[in-house]
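See structure below.
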Amino acid sequence: MGNHTGDPRADTGPGVIKITKAGWFYILLTIFLGVSGINTGNNLIYLIVAAFLSFMAVSGIFGKRNLSKIDVRIELPEEIYADTSTPVRVVIRNDRRFLPVFLMRVHVAGSEILFPFVEAKTEGARYLFLPFPERGRTEIRNMYVSSVFPFNFFIRFRTMPGVFEAIVFPRAKKCESLGSFEKGRRSRGEQTTNTTGYEADIISLRDYIEGDPLKYIHWKATAKTGRLKTKELSSLSHQPVVIDFDALPLKDLEEKISCVTYILLKLLKRNIPVGLRIGGALYKPFSKPHQERIRTLKFAMLTKLALYRKG
């Protein structure tokens with residue numbers, strides 16, 4: 001989808017144009033033919049040189065035009081974790097009325113991605129994988145675009161305005177501490193509820209509905225009634241868990257943060273109510289399922305871990 005590069009503009013200092021190898025060859029050839037025409041007085045060589053210069057002028061006009069009236073933005077995902085390559089959506093908008101965008105490279109945080117063609121008055125989007133090495137607040141700035149259009153003689157650059165901010169959550173690392181939470185949760189037990197699910201005891205039978213898992217069909221009842229019957233099972237109600245960050249027996253701060261992040265994500269994935277006590281703050285778990293509230297709590301806890309002792 002994209003690759004990591006250095007900053008090509010470093011080769012040209014503050015300039016916005018870099019001459020390619022093909023461009024240097026073309027310029028030297030034009031100079032050589034011009035000198036030959038002066039020395040020989042051959043009108044045909046003059047015409048060839050004039051054609052070469054016209055060709056170069058056309059390249060300059062269309063190349064500069066290709067970088068005008070465009071805008072670039074990036075759309076970061078909601079969850080970004082440190083030390084993980086993250087897909088970032090790069091969008092380029094062409095505000096020109098008629099001319100498309102050709103062969104445009106967007107450079108973001110040392111990586112680049114190519115947009116071969118974007119029609120006039122439209123947007124093009126592609127995904128670029130970016131690394132985020134550290135947790136905490138991060139900014140993506142100093143984006144720029146470059147293009148070799150139309151003849152690969154020159155690479156033209158243009159800096160794009162805008163600063164994009166995000167919170168990078170800690171890296172999730174599995175550690176032995178998860179075992180103590182699992183043992184503690186199991187020792188407190190799990191309770192069944194009257195809500196239907198696919199986890200515990202049978203609470204009723206009903207007619208089969210298309211899409212029901214085949215393993216939950218009650219074959220004996222089906223044979224007796226002549227109609228497919230599905231078992232309705234009660235769901236499990238898990239006991240809430242509160243992770244005490246300061247009580248974890250890990251000395252390395254980053255390892256402890258990564259470990260707690262792993263525990264949080266693991267328990268949330270299993271729909272186990274989980275909270276966090278850290279630095280005098282308490283995030284209480286929700287015992288009743290409410291996806292939006294759980295999602296808000298999840299982001300609050302991960303943000304707290306991401307910013308813990310940063311700055």
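Please note that chains go A, B, ... in the order of the structure tokens, that every chain numbers its residues from 1, and that ligands are numbered from 1 in the order shown.
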
So which residues of stretch 72-308 of chain A fall under strand (DSSP E) by DSSP, listed as a ChimeraX atom specification?
-> /A:72-75,85-94,101-108,111-118,122-131,136-140,144-147,154-159,164-168,190-207,229-238,241-244,274-278,281-283

Show which residues sit within 12 Å of A:Ala172, as an MDAnalysis selection string. Count only C-alpha atoms, and ignore same-chain residues fewer than 5 positions away.
-> chainID A and resid 80:84 135 254:266 302 305:306

Would you please work out which residue, of A:Lys310, A:Lys220, A:Arg65, A:Lys121, is nearest to A:Leu253 when using only C-alpha atoms?
->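 For A:Leu253, the nearest of the candidates is A:Lys310.
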
Which residues, written as a PyMOL selection string, have at least one atom at most 7 Å from stretch 215-218 of chain A, with only C-alpha atoms counted and residues fewer than 2 positions away on the same chain left out?
-> chain A and resi 213+220-222+229-231

For the selection you just gave me, I'd like the residues written to a file as a short mmCIF file (atom, residue, chain, number, x, y, z; two decimals), in the first residue's frame, keeping all heavy atoms.
```cif
data_model
loop_
_atom_site.label_atom_id
_atom_site.label_comp_id
_atom_site.auth_asym_id
_atom_site.auth_seq_id
_atom_site.Cartn_x
_atom_site.Cartn_y
_atom_site.Cartn_z
N PRO A 213 -27.32 -21.27 14.41
CA PRO A 213 -26.26 -22.27 14.29
C PRO A 213 -26.83 -23.69 14.32
O PRO A 213 -27.69 -24.01 15.15
CB PRO A 213 -25.38 -22.01 15.54
CG PRO A 213 -25.69 -20.59 15.93
CD PRO A 213 -27.12 -20.37 15.56
N LYS A 220 -34.03 -34.21 18.90
CA LYS A 220 -35.09 -35.06 19.43
C LYS A 220 -36.45 -34.37 19.29
O LYS A 220 -37.44 -34.98 18.87
CB LYS A 220 -34.82 -35.40 20.90
CG LYS A 220 -33.67 -36.35 21.12
CD LYS A 220 -33.52 -36.71 22.58
CE LYS A 220 -32.38 -37.72 22.79
NZ LYS A 220 -32.23 -38.08 24.23
N ALA A 221 -36.50 -33.09 19.65
CA ALA A 221 -37.74 -32.34 19.51
C ALA A 221 -38.12 -32.19 18.04
O ALA A 221 -39.31 -32.22 17.69
CB ALA A 221 -37.60 -30.96 20.16
N THR A 222 -37.13 -32.07 17.18
CA THR A 222 -37.39 -31.96 15.74
C THR A 222 -38.03 -33.24 15.22
O THR A 222 -38.98 -33.21 14.42
CB THR A 222 -36.08 -31.67 14.99
OG1 THR A 222 -35.56 -30.40 15.43
CG2 THR A 222 -36.31 -31.62 13.49
N LYS A 229 -36.44 -27.51 15.47
CA LYS A 229 -36.52 -26.79 16.72
C LYS A 229 -35.11 -26.36 17.16
O LYS A 229 -34.14 -27.13 17.03
CB LYS A 229 -37.15 -27.64 17.82
CG LYS A 229 -38.61 -28.01 17.57
CD LYS A 229 -39.51 -26.79 17.72
CE LYS A 229 -40.97 -27.16 17.56
NZ LYS A 229 -41.87 -25.99 17.73
N THR A 230 -35.01 -25.15 17.69
CA THR A 230 -33.73 -24.61 18.15
C THR A 230 -33.75 -24.44 19.65
O THR A 230 -34.75 -23.99 20.22
CB THR A 230 -33.45 -23.24 17.49
OG1 THR A 230 -33.39 -23.41 16.08
CG2 THR A 230 -32.10 -22.68 17.97
N LYS A 231 -32.64 -24.81 20.29
CA LYS A 231 -32.50 -24.62 21.74
C LYS A 231 -32.18 -23.16 22.04
O LYS A 231 -31.33 -22.56 21.39
CB LYS A 231 -31.37 -25.51 22.27
CG LYS A 231 -31.61 -26.99 22.13
CD LYS A 231 -30.42 -27.80 22.63
CE LYS A 231 -29.28 -27.75 21.63
NZ LYS A 231 -28.17 -28.66 22.03
#
```

Can you work out which one of A:Gly34, A:Pro100, A:Pro87, A:Gly136 has the shortest atom-to-atom distance to A:Lys69, counting only C-alpha atoms?
->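 Checking each of A:Gly34, A:Pro100, A:Pro87, A:Gly136 against A:Lys69, counting only C-alpha atoms, the winner is A:Pro100.
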
Hey, what's within 8 Å of A:Asn94 if we count only C-alpha atoms and toss same-chain stuff fewer than 4 positions away? As a ChimeraX atom specification, please?
-> /A:69-71,100-101,118-123

Please write the residues from the selection above to a file, keeping N, CA, C and O atoms, as an mmCIF file, in the first residue's frame.
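What landed in part32.cif:
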```cif
data_model
loop_
_atom_site.group_PDB
_atom_site.id
_atom_site.type_symbol
_atom_site.label_atom_id
_atom_site.label_comp_id
_atom_site.auth_asym_id
_atom_site.auth_seq_id
_atom_site.Cartn_x
_atom_site.Cartn_y
_atom_site.Cartn_z
ATOM 1 N N LYS A 69 -4.509 23.581 -6.697
ATOM 2 C CA LYS A 69 -5.903 23.361 -6.334
ATOM 3 C C LYS A 69 -6.181 21.922 -5.907
ATOM 4 O O LYS A 69 -7.125 21.278 -6.365
ATOM 5 N N ILE A 70 -5.328 21.413 -5.045
ATOM 6 C CA ILE A 70 -5.557 20.095 -4.458
ATOM 7 C C ILE A 70 -5.467 20.218 -2.936
ATOM 8 O O ILE A 70 -4.851 21.154 -2.407
ATOM 9 N N ASP A 71 -6.083 19.295 -2.247
ATOM 10 C CA ASP A 71 -6.045 19.275 -0.792
ATOM 11 C C ASP A 71 -5.874 17.829 -0.345
ATOM 12 O O ASP A 71 -6.428 16.905 -0.966
ATOM 13 N N PRO A 100 -7.646 16.529 -14.445
ATOM 14 C CA PRO A 100 -7.441 15.518 -13.396
ATOM 15 C C PRO A 100 -6.079 15.692 -12.728
ATOM 16 O O PRO A 100 -5.230 16.471 -13.174
ATOM 17 N N VAL A 101 -5.863 14.951 -11.664
ATOM 18 C CA VAL A 101 -4.560 14.855 -11.011
ATOM 19 C C VAL A 101 -3.891 13.581 -11.499
ATOM 20 O O VAL A 101 -4.510 12.513 -11.530
ATOM 21 N N VAL A 118 -6.788 11.092 -10.285
ATOM 22 C CA VAL A 118 -7.954 11.571 -9.546
ATOM 23 C C VAL A 118 -8.688 12.558 -10.452
ATOM 24 O O VAL A 118 -8.126 13.573 -10.857
ATOM 25 N N GLU A 119 -9.921 12.257 -10.764
ATOM 26 C CA GLU A 119 -10.678 13.110 -11.677
ATOM 27 C C GLU A 119 -10.974 14.470 -11.069
ATOM 28 O O GLU A 119 -10.925 14.651 -9.854
ATOM 29 N N ALA A 120 -11.280 15.445 -11.946
ATOM 30 C CA ALA A 120 -11.611 16.794 -11.506
ATOM 31 C C ALA A 120 -12.877 16.781 -10.653
ATOM 32 O O ALA A 120 -13.804 16.006 -10.902
ATOM 33 N N LYS A 121 -12.888 17.628 -9.611
ATOM 34 C CA LYS A 121 -14.037 17.791 -8.715
ATOM 35 C C LYS A 121 -14.411 16.492 -7.993
ATOM 36 O O LYS A 121 -15.572 16.258 -7.680
ATOM 37 N N THR A 122 -13.431 15.641 -7.747
ATOM 38 C CA THR A 122 -13.684 14.393 -7.017
ATOM 39 C C THR A 122 -12.586 14.178 -5.979
ATOM 40 O O THR A 122 -11.606 14.921 -5.922
ATOM 41 N N GLU A 123 -12.752 13.124 -5.184
ATOM 42 C CA GLU A 123 -11.763 12.729 -4.196
ATOM 43 C C GLU A 123 -11.267 11.312 -4.492
ATOM 44 O O GLU A 123 -12.019 10.483 -4.994
#
```
